[in-house]
Amino acid sequence: MRDGATALAARGAETIIEVKLPGRSYAVVIGEDLLGSSGRRIAATLKGARAAVVTDANVAALHLPALKASLAEQGLLLGEVVVEPGEASKCFTVLASLSERLLELGVERGDCVIAFGGGVVGDLAGFAASILRRGVRVVQMPTTLLAQVDSAIGGKTGIDTKQGKNLIGTFHQPSLVLADISVLSTLSAREFRAGYAEVVKYGLLGDAPFFAWLEANWPKVFSTPGPERRHAVETSARAKAAIVEADEKEEKGTRALLNLGHTFGHALEAYAGYSDRLLHGEAIAIGMRLAFTFSVELGLCPASDAARVERHLAAVGLPTTIAEIPGTKPTPEALLRLMAKDKKVKGGKLALVLVRGIGEAFVEHDVALPRLTEFLTRECAIG
Ligand SMILES: NC(=O)c1ccc[n+]([C@@H]2O[C@H](COP(=O)([O-])OP(=O)(O)OC[C@H]3O[C@@H](n4cnc5c(N)ncnc54)[C@H](O)[C@@H]3O)[C@@H](O)[C@H]2O)c1
């Protein structure tokens with residue numbers, strides 16, 4: 001990580017992070033008030049493309065007029081498709097109607113789809129773009145903290161089925177990512193906090209100085225759209241870009257590190273029914289704390305590091321224990337079943353991202369199920 005003091009970007013100027021991939025490199029542009037210049041930026045990068053915007057009703061009500069005006073100014077706007085907010089839109093039914101609407105708007109091979117929203121819109125619109133006319137380009141314009149630091153970068157698209165989340169999808173890298181941090185100001189405090197869990201993740205998985213910086217600066221990251229918030233978004237986006245460059249399709253193990261806390265977290269999310277009871281980032285916060293505590297129990301990680309992680313997540317108001325999930329609590333058996341569904345169990349062993357300390361995550365392929373069961377039994381009993 002660059003030195004925190006010098007890395008704080010000057011207000012106004014944008015930062016460009018290159019994601020370098022053979023034949024499909026792209027820029028992630030991070031800055032304030034980018035909506036107004038988005039038409040010009042898209043026209044310059046995707047020459048000759050017209051654009052159809054996909055968004056959800058919440059984002060449409062708050063920010064669509066500004067984006068549409070900017071696209072119309074450049075003569076790019078084909079129209080928009082507005083889906084219902086929420087995870088339920090990541091399904092075959094909505095994918096089908098969205099794809100047909102995009103065809104009706106006249107999207108041709110040389111045009112692009114703009115995914116304007118959080119991770120739900122990014123995954124859904126990215127998937128639709130990847131199959132529309134055998135693949136049209138997509139511009140990701142993430143509007144949640146989670147999407148700006150994670151889901152808009154890296155090209156994973158997908159929808160959910162009754163068999164699980166994100167099991168149907170494609171790798172379809174965007175041609176451009178425009179992350180306007182000004183739009184984060186309309187995000188609810190709870191959604192912002194949940195997205196912050198993914199910011200913390202980058203510190204925990206490979207950047208201890210960044211985690212220390214977050215411990216010292218989180219109040220400013222949360223309270224104002226100033227340089228600290230921007231630094232948090234940029235450092236996270238840079239980390240995501242580097243991981244994607246190293247292992248685009250999750251074949252070498254590097255990209256798997258992004259799953260720190262996710263196998264535990266996905267099981268908790270599934271248990272809570274992917275509902276408002278537990279947002280994705282909240283589940284990941286609990287999952288990361290579990291990954292640290294489990295690593296301490298296995299003798300891999302100093303207890304003081306796990307304590308720091310728990311303290312920081314709790315300080316920002318994120319949950320860290322299963323007991324904090326509202327409503328009925330899962331049994332260890334139920335959690336284990338859900339974890340085994342998320343990650344394949346081979347010969348009674350499960351792969352998990354564990355840690356040797358803050359900033360030192362690795363994939364452990366041989367986690368013995370009895371050991372994990374014991375651990376979950378203790379965690380589920382915490383009142
Ligand atoms: N593709 C990937 O690599 C990847 C990585 C992580 C997560 N994901 C996916 O991302 C999804 C979660 O994304 P999310 O947390 O952004 O959720 P989301 O897209 O559901 O957005 C959360 C809520 O915030 C609202 N919203 C969005 N932007 C807003 C703004 N600027 N102001 C006010 N409200 C706004 C939305 O309407 C929604 O109600 C999950 O489906 C997950 O699977 C994908």
# chains A, B, ... in the order shown; residues from 1 in each chain; ligands from 1

$ residues_around --residues "stretch 357-361 of chain A" --least-positions-apart "2" --cutoff "6 Å" --atoms "only C-alpha atoms" --output "MDAnalysis selection string"
chainID A and resid 203:208 301 354:355

$ write_last_selection --atoms "N, CA and C atoms" --output "PDB file, in the first residue's frame"
ATOM      1  N   GLY A 203      -7.716  -5.250   3.818  1.00  0.00           N
ATOM      2  CA  GLY A 203      -6.669  -5.103   4.821  1.00  0.00           C
ATOM      3  C   GLY A 203      -6.340  -6.459   5.427  1.00  0.00           C
ATOM      4  N   LEU A 204      -7.373  -7.198   5.765  1.00  0.00           N
ATOM      5  CA  LEU A 204      -7.169  -8.467   6.466  1.00  0.00           C
ATOM      6  C   LEU A 204      -6.520  -9.520   5.586  1.00  0.00           C
ATOM      7  N   LEU A 205      -6.840  -9.498   4.290  1.00  0.00           N
ATOM      8  CA  LEU A 205      -6.313 -10.594   3.474  1.00  0.00           C
ATOM      9  C   LEU A 205      -4.877 -10.365   3.003  1.00  0.00           C
ATOM     10  N   GLY A 206      -4.469  -9.071   2.895  1.00  0.00           N
ATOM     11  CA  GLY A 206      -3.115  -8.905   2.360  1.00  0.00           C
ATOM     12  C   GLY A 206      -2.468  -7.561   2.603  1.00  0.00           C
ATOM     13  N   ASP A 207      -3.054  -6.716   3.435  1.00  0.00           N
ATOM     14  CA  ASP A 207      -2.512  -5.366   3.565  1.00  0.00           C
ATOM     15  C   ASP A 207      -2.684  -4.857   5.002  1.00  0.00           C
ATOM     16  N   ALA A 208      -1.790  -5.334   5.884  1.00  0.00           N
ATOM     17  CA  ALA A 208      -1.886  -4.967   7.305  1.00  0.00           C
ATOM     18  C   ALA A 208      -1.811  -3.454   7.523  1.00  0.00           C
ATOM     19  N   CYS A 301      -2.710 -18.303  14.113  1.00  0.00           N
ATOM     20  CA  CYS A 301      -2.763 -16.833  14.147  1.00  0.00           C
ATOM     21  C   CYS A 301      -2.706 -16.345  15.596  1.00  0.00           C
ATOM     22  N   LEU A 354      -8.055 -19.129   5.585  1.00  0.00           N
ATOM     23  CA  LEU A 354      -7.664 -18.903   6.992  1.00  0.00           C
ATOM     24  C   LEU A 354      -6.533 -17.872   7.019  1.00  0.00           C
ATOM     25  N   VAL A 355      -6.069 -17.538   8.209  1.00  0.00           N
ATOM     26  CA  VAL A 355      -5.075 -16.454   8.326  1.00  0.00           C
ATOM     27  C   VAL A 355      -3.931 -16.825   9.271  1.00  0.00           C
TER      28      VAL A 355
END

$ residues_around --residues "A:Val296" --least-positions-apart "2" --cutoff "9 Å" --atoms "only C-alpha atoms" --output "PyMOL selection string"
chain A and resi 291-294+298-303+305-306+355-357

$ closest_atom_pairs --of "chain A" --to "ligand 1" --cutoff "8 Å" --atoms "only C-alpha atoms and all ligand atoms" --output "JSON lines"
{"residue": "A:Asp56", "atom": "CA", "partner": "ligand 1", "partner_atom_place_in_ligand_line": "37 (O)", "distance": 5.7}
{"residue": "A:Ala57", "atom": "CA", "partner": "ligand 1", "partner_atom_place_in_ligand_line": "37 (O)", "distance": 6.5}
{"residue": "A:Asn58", "atom": "CA", "partner": "ligand 1", "partner_atom_place_in_ligand_line": "37 (O)", "distance": 4.4}
{"residue": "A:Val59", "atom": "CA", "partner": "ligand 1", "partner_atom_place_in_ligand_line": "29 (C)", "distance": 5.3}
{"residue": "A:Leu62", "atom": "CA", "partner": "ligand 1", "partner_atom_place_in_ligand_line": "32 (N)", "distance": 6.9}
{"residue": "A:His63", "atom": "CA", "partner": "ligand 1", "partner_atom_place_in_ligand_line": "31 (N)", "distance": 7.5}
{"residue": "A:Glu84", "atom": "CA", "partner": "ligand 1", "partner_atom_place_in_ligand_line": "37 (O)", "distance": 8.0}
{"residue": "A:Pro85", "atom": "CA", "partner": "ligand 1", "partner_atom_place_in_ligand_line": "37 (O)", "distance": 4.6}
{"residue": "A:Gly86", "atom": "CA", "partner": "ligand 1", "partner_atom_place_in_ligand_line": "20 (O)", "distance": 4.4}
{"residue": "A:Glu87", "atom": "CA", "partner": "ligand 1", "partner_atom_place_in_ligand_line": "41 (O)", "distance": 5.5}
{"residue": "A:Lys90", "atom": "CA", "partner": "ligand 1", "partner_atom_place_in_ligand_line": "41 (O)", "distance": 7.0}
{"residue": "A:Gly117", "atom": "CA", "partner": "ligand 1", "partner_atom_place_in_ligand_line": "28 (N)", "distance": 5.1}
{"residue": "A:Gly118", "atom": "CA", "partner": "ligand 1", "partner_atom_place_in_ligand_line": "19 (O)", "distance": 3.2}
{"residue": "A:Gly119", "atom": "CA", "partner": "ligand 1", "partner_atom_place_in_ligand_line": "13 (O)", "distance": 3.2}
{"residue": "A:Val120", "atom": "CA", "partner": "ligand 1", "partner_atom_place_in_ligand_line": "19 (O)", "distance": 3.8}
{"residue": "A:Val121", "atom": "CA", "partner": "ligand 1", "partner_atom_place_in_ligand_line": "19 (O)", "distance": 5.7}
{"residue": "A:Gly122", "atom": "CA", "partner": "ligand 1", "partner_atom_place_in_ligand_line": "1 (N)", "distance": 7.0}
{"residue": "A:Asp123", "atom": "CA", "partner": "ligand 1", "partner_atom_place_in_ligand_line": "1 (N)", "distance": 5.4}
{"residue": "A:Pro142", "atom": "CA", "partner": "ligand 1", "partner_atom_place_in_ligand_line": "28 (N)", "distance": 7.4}
{"residue": "A:Thr143", "atom": "CA", "partner": "ligand 1", "partner_atom_place_in_ligand_line": "28 (N)", "distance": 4.2}
{"residue": "A:Thr144", "atom": "CA", "partner": "ligand 1", "partner_atom_place_in_ligand_line": "28 (N)", "distance": 4.5}
{"residue": "A:Leu145", "atom": "CA", "partner": "ligand 1", "partner_atom_place_in_ligand_line": "16 (O)", "distance": 6.8}
{"residue": "A:Leu146", "atom": "CA", "partner": "ligand 1", "partner_atom_place_in_ligand_line": "16 (O)", "distance": 5.1}
{"residue": "A:Ala147", "atom": "CA", "partner": "ligand 1", "partner_atom_place_in_ligand_line": "16 (O)", "distance": 5.0}
{"residue": "A:Asp150", "atom": "CA", "partner": "ligand 1", "partner_atom_place_in_ligand_line": "5 (C)", "distance": 5.4}
{"residue": "A:Ser151", "atom": "CA", "partner": "ligand 1", "partner_atom_place_in_ligand_line": "4 (C)", "distance": 3.6}
{"residue": "A:Ala152", "atom": "CA", "partner": "ligand 1", "partner_atom_place_in_ligand_line": "1 (N)", "distance": 6.4}
{"residue": "A:Ile153", "atom": "CA", "partner": "ligand 1", "partner_atom_place_in_ligand_line": "3 (O)", "distance": 6.8}
{"residue": "A:Gly154", "atom": "CA", "partner": "ligand 1", "partner_atom_place_in_ligand_line": "3 (O)", "distance": 6.2}
{"residue": "A:Gly155", "atom": "CA", "partner": "ligand 1", "partner_atom_place_in_ligand_line": "1 (N)", "distance": 6.5}
{"residue": "A:Lys156", "atom": "CA", "partner": "ligand 1", "partner_atom_place_in_ligand_line": "1 (N)", "distance": 4.2}
{"residue": "A:Thr157", "atom": "CA", "partner": "ligand 1", "partner_atom_place_in_ligand_line": "1 (N)", "distance": 5.1}
{"residue": "A:Gly158", "atom": "CA", "partner": "ligand 1", "partner_atom_place_in_ligand_line": "1 (N)", "distance": 7.1}
{"residue": "A:Ile159", "atom": "CA", "partner": "ligand 1", "partner_atom_place_in_ligand_line": "41 (O)", "distance": 7.8}
{"residue": "A:Lys165", "atom": "CA", "partner": "ligand 1", "partner_atom_place_in_ligand_line": "43 (O)", "distance": 6.8}
{"residue": "A:Asn166", "atom": "CA", "partner": "ligand 1", "partner_atom_place_in_ligand_line": "43 (O)", "distance": 6.4}
{"residue": "A:Val183", "atom": "CA", "partner": "ligand 1", "partner_atom_place_in_ligand_line": "31 (N)", "distance": 4.6}
{"residue": "A:Leu184", "atom": "CA", "partner": "ligand 1", "partner_atom_place_in_ligand_line": "31 (N)", "distance": 4.8}
{"residue": "A:Ser185", "atom": "CA", "partner": "ligand 1", "partner_atom_place_in_ligand_line": "31 (N)", "distance": 6.8}
{"residue": "A:Thr186", "atom": "CA", "partner": "ligand 1", "partner_atom_place_in_ligand_line": "32 (N)", "distance": 4.1}
{"residue": "A:Leu187", "atom": "CA", "partner": "ligand 1", "partner_atom_place_in_ligand_line": "33 (C)", "distance": 3.8}
{"residue": "A:Ser188", "atom": "CA", "partner": "ligand 1", "partner_atom_place_in_ligand_line": "33 (C)", "distance": 6.3}
{"residue": "A:Glu191", "atom": "CA", "partner": "ligand 1", "partner_atom_place_in_ligand_line": "22 (C)", "distance": 6.2}
{"residue": "A:Ala194", "atom": "CA", "partner": "ligand 1", "partner_atom_place_in_ligand_line": "15 (O)", "distance": 7.3}
{"residue": "A:Gly195", "atom": "CA", "partner": "ligand 1", "partner_atom_place_in_ligand_line": "15 (O)", "distance": 6.3}
{"residue": "A:Leu279", "atom": "CA", "partner": "ligand 1", "partner_atom_place_in_ligand_line": "15 (O)", "distance": 7.5}
{"residue": "A:His280", "atom": "CA", "partner": "ligand 1", "partner_atom_place_in_ligand_line": "15 (O)", "distance": 6.5}
{"residue": "A:Gly281", "atom": "CA", "partner": "ligand 1", "partner_atom_place_in_ligand_line": "15 (O)", "distance": 7.1}

$ select_by_dssp --residues "stretch 53-183 of chain A" --states "alpha helix (DSSP H)" --output "PyMOL selection string"
chain A and resi 57-73+92-104+119-131+145-146

$ residues_around --residues "A:Glu73" --least-positions-apart "5" --cutoff "10 Å" --atoms "only C-alpha atoms" --output "VMD selection string"
chain A and resid 36 to 37 39 to 40 67 to 68

$ residues_around --residues "stretch 17-23 of chain A" --least-positions-apart "3" --cutoff "8 Å" --atoms "only C-alpha atoms" --output "CSV table (one decimal) with C-alpha atoms, in the first residue's frame"
chain,number,residue,atom,x,y,z
A,26,TYR,CA,-9.8,-1.5,-18.8
A,27,ALA,CA,-9.8,1.5,-16.6
A,28,VAL,CA,-11.5,1.9,-13.2
A,29,VAL,CA,-12.1,5.6,-12.8
A,237,ALA,CA,-10.3,-1.2,-5.8
A,238,ARG,CA,-6.5,-1.3,-6.4
A,241,ALA,CA,-7.7,-5.1,-9.6
A,242,ALA,CA,-4.3,-6.7,-8.7
A,244,VAL,CA,-8.0,-10.1,-10.8
A,245,GLU,CA,-4.9,-9.5,-12.9

$ residues_around --residues "A:Arg193" --least-positions-apart "5" --cutoff "8 Å" --atoms "only C-alpha atoms" --output "number ranges by chain"
A: 222, 281, 316-318

$ closest_residue --among "A:Val233, A:Ala51, A:Ala125, A:Leu176" --to "A:Gly31" --atoms "only C-alpha atoms"
A:Val233

$ residues_around --residues "A:Ala72" --least-positions-apart "2" --cutoff "12 Å" --atoms "only C-alpha atoms" --output "mmCIF file with all heavy atoms, in the first residue's frame"
data_model
loop_
_atom_site.group_PDB
_atom_site.id
_atom_site.type_symbol
_atom_site.label_atom_id
_atom_site.label_comp_id
_atom_site.auth_asym_id
_atom_site.auth_seq_id
_atom_site.Cartn_x
_atom_site.Cartn_y
_atom_site.Cartn_z
ATOM 1 N N GLY A 36 -21.917 13.437 -14.348
ATOM 2 C CA GLY A 36 -22.061 14.483 -15.363
ATOM 3 C C GLY A 36 -21.120 14.305 -16.544
ATOM 4 O O GLY A 36 -21.423 14.736 -17.653
ATOM 5 N N SER A 37 -19.961 13.678 -16.310
ATOM 6 C CA SER A 37 -18.996 13.514 -17.407
ATOM 7 C C SER A 37 -19.024 12.093 -17.978
ATOM 8 O O SER A 37 -18.223 11.751 -18.841
ATOM 9 C CB SER A 37 -17.583 13.841 -16.914
ATOM 10 O OG SER A 37 -17.244 12.975 -15.854
ATOM 11 N N SER A 38 -19.976 11.261 -17.499
ATOM 12 C CA SER A 38 -19.945 9.851 -17.905
ATOM 13 C C SER A 38 -20.200 9.677 -19.401
ATOM 14 O O SER A 38 -19.575 8.826 -20.039
ATOM 15 C CB SER A 38 -20.909 9.022 -17.067
ATOM 16 O OG SER A 38 -22.168 9.624 -17.087
ATOM 17 N N GLY A 39 -21.099 10.476 -19.980
ATOM 18 C CA GLY A 39 -21.377 10.367 -21.417
ATOM 19 C C GLY A 39 -20.111 10.595 -22.231
ATOM 20 O O GLY A 39 -19.760 9.810 -23.115
ATOM 21 N N ARG A 40 -19.387 11.646 -21.861
ATOM 22 C CA ARG A 40 -18.153 11.971 -22.575
ATOM 23 C C ARG A 40 -17.113 10.860 -22.409
ATOM 24 O O ARG A 40 -16.456 10.447 -23.360
ATOM 25 C CB ARG A 40 -17.617 13.308 -22.016
ATOM 26 C CG ARG A 40 -16.419 13.849 -22.716
ATOM 27 C CD ARG A 40 -16.046 15.250 -22.216
ATOM 28 N NE ARG A 40 -15.992 15.415 -20.769
ATOM 29 C CZ ARG A 40 -15.030 14.922 -19.987
ATOM 30 N NH1 ARG A 40 -14.057 14.208 -20.492
ATOM 31 N NH2 ARG A 40 -15.050 15.133 -18.679
ATOM 32 N N ILE A 42 -17.631 7.677 -21.735
ATOM 33 C CA ILE A 42 -18.027 6.449 -22.434
ATOM 34 C C ILE A 42 -17.831 6.636 -23.941
ATOM 35 O O ILE A 42 -17.310 5.752 -24.623
ATOM 36 C CB ILE A 42 -19.488 6.074 -22.077
ATOM 37 C CG1 ILE A 42 -19.543 5.640 -20.603
ATOM 38 C CG2 ILE A 42 -20.024 4.962 -22.983
ATOM 39 C CD1 ILE A 42 -20.932 5.524 -20.020
ATOM 40 N N ALA A 43 -18.187 7.806 -24.440
ATOM 41 C CA ALA A 43 -18.008 8.065 -25.879
ATOM 42 C C ALA A 43 -16.529 7.963 -26.256
ATOM 43 O O ALA A 43 -16.177 7.437 -27.316
ATOM 44 C CB ALA A 43 -18.548 9.445 -26.231
ATOM 45 N N ARG A 50 -23.669 3.049 -28.673
ATOM 46 C CA ARG A 50 -24.787 3.685 -27.974
ATOM 47 C C ARG A 50 -24.994 2.894 -26.673
ATOM 48 O O ARG A 50 -24.439 1.805 -26.523
ATOM 49 C CB ARG A 50 -26.033 3.649 -28.841
ATOM 50 C CG ARG A 50 -25.860 4.419 -30.154
ATOM 51 C CD ARG A 50 -26.976 4.107 -31.117
ATOM 52 N NE ARG A 50 -27.079 2.682 -31.354
ATOM 53 C CZ ARG A 50 -28.148 2.082 -31.865
ATOM 54 N NH1 ARG A 50 -29.201 2.778 -32.197
ATOM 55 N NH2 ARG A 50 -28.172 0.766 -32.049
ATOM 56 N N ALA A 51 -25.785 3.447 -25.754
ATOM 57 C CA ALA A 51 -25.829 2.829 -24.425
ATOM 58 C C ALA A 51 -27.249 2.645 -23.920
ATOM 59 O O ALA A 51 -28.083 3.547 -24.033
ATOM 60 C CB ALA A 51 -25.043 3.704 -23.444
ATOM 61 N N ALA A 52 -27.516 1.449 -23.367
ATOM 62 C CA ALA A 52 -28.777 1.191 -22.668
ATOM 63 C C ALA A 52 -28.450 1.042 -21.189
ATOM 64 O O ALA A 52 -27.543 0.285 -20.823
ATOM 65 C CB ALA A 52 -29.423 -0.079 -23.197
ATOM 66 N N VAL A 53 -29.170 1.753 -20.352
ATOM 67 C CA VAL A 53 -28.865 1.757 -18.922
ATOM 68 C C VAL A 53 -29.752 0.724 -18.213
ATOM 69 O O VAL A 53 -30.966 0.675 -18.450
ATOM 70 C CB VAL A 53 -29.158 3.140 -18.299
ATOM 71 C CG1 VAL A 53 -28.802 3.158 -16.814
ATOM 72 C CG2 VAL A 53 -28.399 4.236 -19.035
ATOM 73 N N LEU A 64 -30.737 8.561 -11.775
ATOM 74 C CA LEU A 64 -30.848 8.287 -13.218
ATOM 75 C C LEU A 64 -30.948 9.549 -14.076
ATOM 76 O O LEU A 64 -30.326 9.602 -15.146
ATOM 77 C CB LEU A 64 -32.025 7.327 -13.487
ATOM 78 C CG LEU A 64 -32.141 6.824 -14.927
ATOM 79 C CD1 LEU A 64 -30.877 6.093 -15.373
ATOM 80 C CD2 LEU A 64 -33.361 5.913 -15.089
ATOM 81 N N PRO A 65 -31.694 10.589 -13.642
ATOM 82 C CA PRO A 65 -31.785 11.770 -14.506
ATOM 83 C C PRO A 65 -30.414 12.355 -14.861
ATOM 84 O O PRO A 65 -30.166 12.717 -16.012
ATOM 85 C CB PRO A 65 -32.623 12.754 -13.676
ATOM 86 C CG PRO A 65 -33.455 11.855 -12.797
ATOM 87 C CD PRO A 65 -32.574 10.687 -12.473
ATOM 88 N N ALA A 66 -29.496 12.402 -13.887
ATOM 89 C CA ALA A 66 -28.165 12.974 -14.151
ATOM 90 C C ALA A 66 -27.406 12.130 -15.173
ATOM 91 O O ALA A 66 -26.762 12.664 -16.087
ATOM 92 C CB ALA A 66 -27.363 13.070 -12.848
ATOM 93 N N LEU A 67 -27.498 10.803 -15.031
ATOM 94 C CA LEU A 67 -26.788 9.933 -15.974
ATOM 95 C C LEU A 67 -27.393 10.050 -17.373
ATOM 96 O O LEU A 67 -26.680 10.162 -18.375
ATOM 97 C CB LEU A 67 -26.831 8.473 -15.477
ATOM 98 C CG LEU A 67 -26.235 7.446 -16.444
ATOM 99 C CD1 LEU A 67 -24.759 7.740 -16.727
ATOM 100 C CD2 LEU A 67 -26.389 6.021 -15.890
ATOM 101 N N LYS A 68 -28.738 10.026 -17.418
ATOM 102 C CA LYS A 68 -29.403 10.096 -18.726
ATOM 103 C C LYS A 68 -29.047 11.403 -19.451
ATOM 104 O O LYS A 68 -28.796 11.409 -20.659
ATOM 105 C CB LYS A 68 -30.926 9.990 -18.555
ATOM 106 C CG LYS A 68 -31.387 8.550 -18.432
ATOM 107 C CD LYS A 68 -32.860 8.439 -18.167
ATOM 108 C CE LYS A 68 -33.730 8.840 -19.328
ATOM 109 N NZ LYS A 68 -35.164 8.596 -19.053
ATOM 110 N N ALA A 69 -29.024 12.494 -18.697
ATOM 111 C CA ALA A 69 -28.722 13.794 -19.317
ATOM 112 C C ALA A 69 -27.323 13.764 -19.928
ATOM 113 O O ALA A 69 -27.100 14.251 -21.043
ATOM 114 C CB ALA A 69 -28.825 14.903 -18.270
ATOM 115 N N SER A 70 -26.394 13.157 -19.198
ATOM 116 C CA SER A 70 -25.018 13.116 -19.666
ATOM 117 C C SER A 70 -24.881 12.245 -20.922
ATOM 118 O O SER A 70 -24.135 12.574 -21.844
ATOM 119 C CB SER A 70 -24.134 12.584 -18.530
ATOM 120 O OG SER A 70 -22.829 12.431 -18.951
ATOM 121 N N GLN A 74 -24.359 13.413 -25.350
ATOM 122 C CA GLN A 74 -23.414 12.857 -26.336
ATOM 123 C C GLN A 74 -24.142 12.074 -27.436
ATOM 124 O O GLN A 74 -23.504 11.418 -28.265
ATOM 125 C CB GLN A 74 -22.426 11.904 -25.628
ATOM 126 C CG GLN A 74 -21.561 12.548 -24.577
ATOM 127 C CD GLN A 74 -20.543 13.500 -25.171
ATOM 128 O OE1 GLN A 74 -19.974 13.249 -26.234
ATOM 129 N NE2 GLN A 74 -20.339 14.630 -24.507
ATOM 130 N N GLY A 75 -25.486 12.043 -27.364
ATOM 131 C CA GLY A 75 -26.263 11.288 -28.358
ATOM 132 C C GLY A 75 -26.118 9.781 -28.218
ATOM 133 O O GLY A 75 -26.251 9.037 -29.186
ATOM 134 N N LEU A 76 -25.853 9.292 -26.992
ATOM 135 C CA LEU A 76 -25.585 7.854 -26.798
ATOM 136 C C LEU A 76 -26.785 7.075 -26.294
ATOM 137 O O LEU A 76 -26.804 5.850 -26.346
ATOM 138 C CB LEU A 76 -24.475 7.642 -25.747
ATOM 139 C CG LEU A 76 -23.139 8.331 -25.897
ATOM 140 C CD1 LEU A 76 -22.211 7.932 -24.761
ATOM 141 C CD2 LEU A 76 -22.526 7.908 -27.211
ATOM 142 N N LEU A 77 -27.782 7.781 -25.744
ATOM 143 C CA LEU A 77 -28.792 7.089 -24.936
ATOM 144 C C LEU A 77 -29.818 6.332 -25.787
ATOM 145 O O LEU A 77 -30.558 6.920 -26.563
ATOM 146 C CB LEU A 77 -29.513 8.114 -24.049
ATOM 147 C CG LEU A 77 -30.566 7.551 -23.103
ATOM 148 C CD1 LEU A 77 -29.931 6.634 -22.054
ATOM 149 C CD2 LEU A 77 -31.334 8.692 -22.403
ATOM 150 N N LEU A 78 -29.868 4.996 -25.581
ATOM 151 C CA LEU A 78 -30.902 4.182 -26.231
ATOM 152 C C LEU A 78 -32.154 4.091 -25.358
ATOM 153 O O LEU A 78 -33.257 3.909 -25.851
ATOM 154 C CB LEU A 78 -30.378 2.758 -26.467
ATOM 155 C CG LEU A 78 -29.411 2.566 -27.634
ATOM 156 C CD1 LEU A 78 -28.768 1.186 -27.560
ATOM 157 C CD2 LEU A 78 -30.148 2.737 -28.958
ATOM 158 N N GLY A 79 -31.973 4.148 -24.048
ATOM 159 C CA GLY A 79 -33.097 4.041 -23.117
ATOM 160 C C GLY A 79 -32.642 3.353 -21.861
ATOM 161 O O GLY A 79 -31.444 3.098 -21.676
ATOM 162 N N GLU A 80 -33.621 3.045 -20.975
ATOM 163 C CA GLU A 80 -33.236 2.415 -19.721
ATOM 164 C C GLU A 80 -34.198 1.286 -19.366
ATOM 165 O O GLU A 80 -35.345 1.284 -19.826
ATOM 166 C CB GLU A 80 -33.197 3.432 -18.579
ATOM 167 C CG GLU A 80 -34.547 3.906 -18.094
ATOM 168 C CD GLU A 80 -35.059 5.150 -18.819
ATOM 169 O OE1 GLU A 80 -34.426 5.561 -19.833
ATOM 170 O OE2 GLU A 80 -36.092 5.682 -18.404
#

$ closest_residue --among "A:Glu364, A:Glu228, A:Glu215, A:Glu297" --to "A:His312" --atoms "only C-alpha atoms"
A:Glu215

$ residues_around --residues "A:Glu324" --least-positions-apart "3" --cutoff "10 Å" --atoms "only C-alpha atoms" --output "JSON, numbers by chain"
{"A": [278, 286, 318, 319, 320, 321, 327, 329, 382, 383]}

$ write_last_selection --atoms "N, CA and C atoms" --output "short mmCIF file (atom, residue, chain, number, x, y, z; two decimals), in the first residue's frame"
data_model
loop_
_atom_site.label_atom_id
_atom_site.label_comp_id
_atom_site.auth_asym_id
_atom_site.auth_seq_id
_atom_site.Cartn_x
_atom_site.Cartn_y
_atom_site.Cartn_z
N LEU A 278 -30.08 -10.09 7.53
CA LEU A 278 -28.62 -10.10 7.54
C LEU A 278 -28.15 -9.74 6.13
N ILE A 286 -19.23 -11.17 10.23
CA ILE A 286 -19.24 -12.31 11.17
C ILE A 286 -18.29 -13.39 10.66
N LEU A 318 -20.57 -3.26 12.99
CA LEU A 318 -20.87 -4.51 12.27
C LEU A 318 -21.00 -5.66 13.27
N PRO A 319 -21.85 -6.63 12.96
CA PRO A 319 -21.96 -7.78 13.87
C PRO A 319 -20.71 -8.67 13.76
N THR A 320 -20.38 -9.36 14.85
CA THR A 320 -19.22 -10.26 14.82
C THR A 320 -19.54 -11.66 15.33
N THR A 321 -20.76 -11.82 15.85
CA THR A 321 -21.11 -13.15 16.39
C THR A 321 -22.44 -13.63 15.80
N GLY A 327 -33.63 -13.01 15.27
CA GLY A 327 -34.49 -14.19 15.05
C GLY A 327 -33.83 -15.47 15.51
N LYS A 329 -31.64 -18.81 15.83
CA LYS A 329 -30.21 -19.00 15.53
C LYS A 329 -30.00 -20.37 14.87
N ILE A 382 -22.58 -19.28 21.90
CA ILE A 382 -22.33 -17.95 22.50
C ILE A 382 -23.64 -17.17 22.54
N GLY A 383 -24.03 -16.74 23.74
CA GLY A 383 -25.34 -16.09 23.88
C GLY A 383 -25.30 -14.60 23.69
#

$ select_by_dssp --residues "stretch 142-293 of chain A" --states "strand (DSSP E or B)" --output "VMD selection string"
chain A and resid 142 156 159 to 161 164 to 168 171 176 to 180

$ closest_residue --among "A:Thr331, A:Ser275, A:Val54, A:Ser130" --to "A:Arg101" --atoms "only C-alpha atoms"
A:Val54

$ closest_residue --among "A:Leu372, A:Val82, A:Ala256, A:Ala96" --to "A:Ala115" --atoms "only C-alpha atoms"
A:Val82

$ closest_residue --among "A:Ala197, A:Glu374, A:Ala381, A:Ala267" --to "A:Ala314" --atoms "only C-alpha atoms"
A:Ala197

$ closest_residue --among "A:Ala179, A:Ala60, A:Ala246, A:Val94" --to "A:Asp33" --atoms "only C-alpha atoms"
A:Ala179

$ atom_distance --atom1 "atom CA of A:Gln163" --atom2 "atom CA of A:Leu95"
17.0 Å
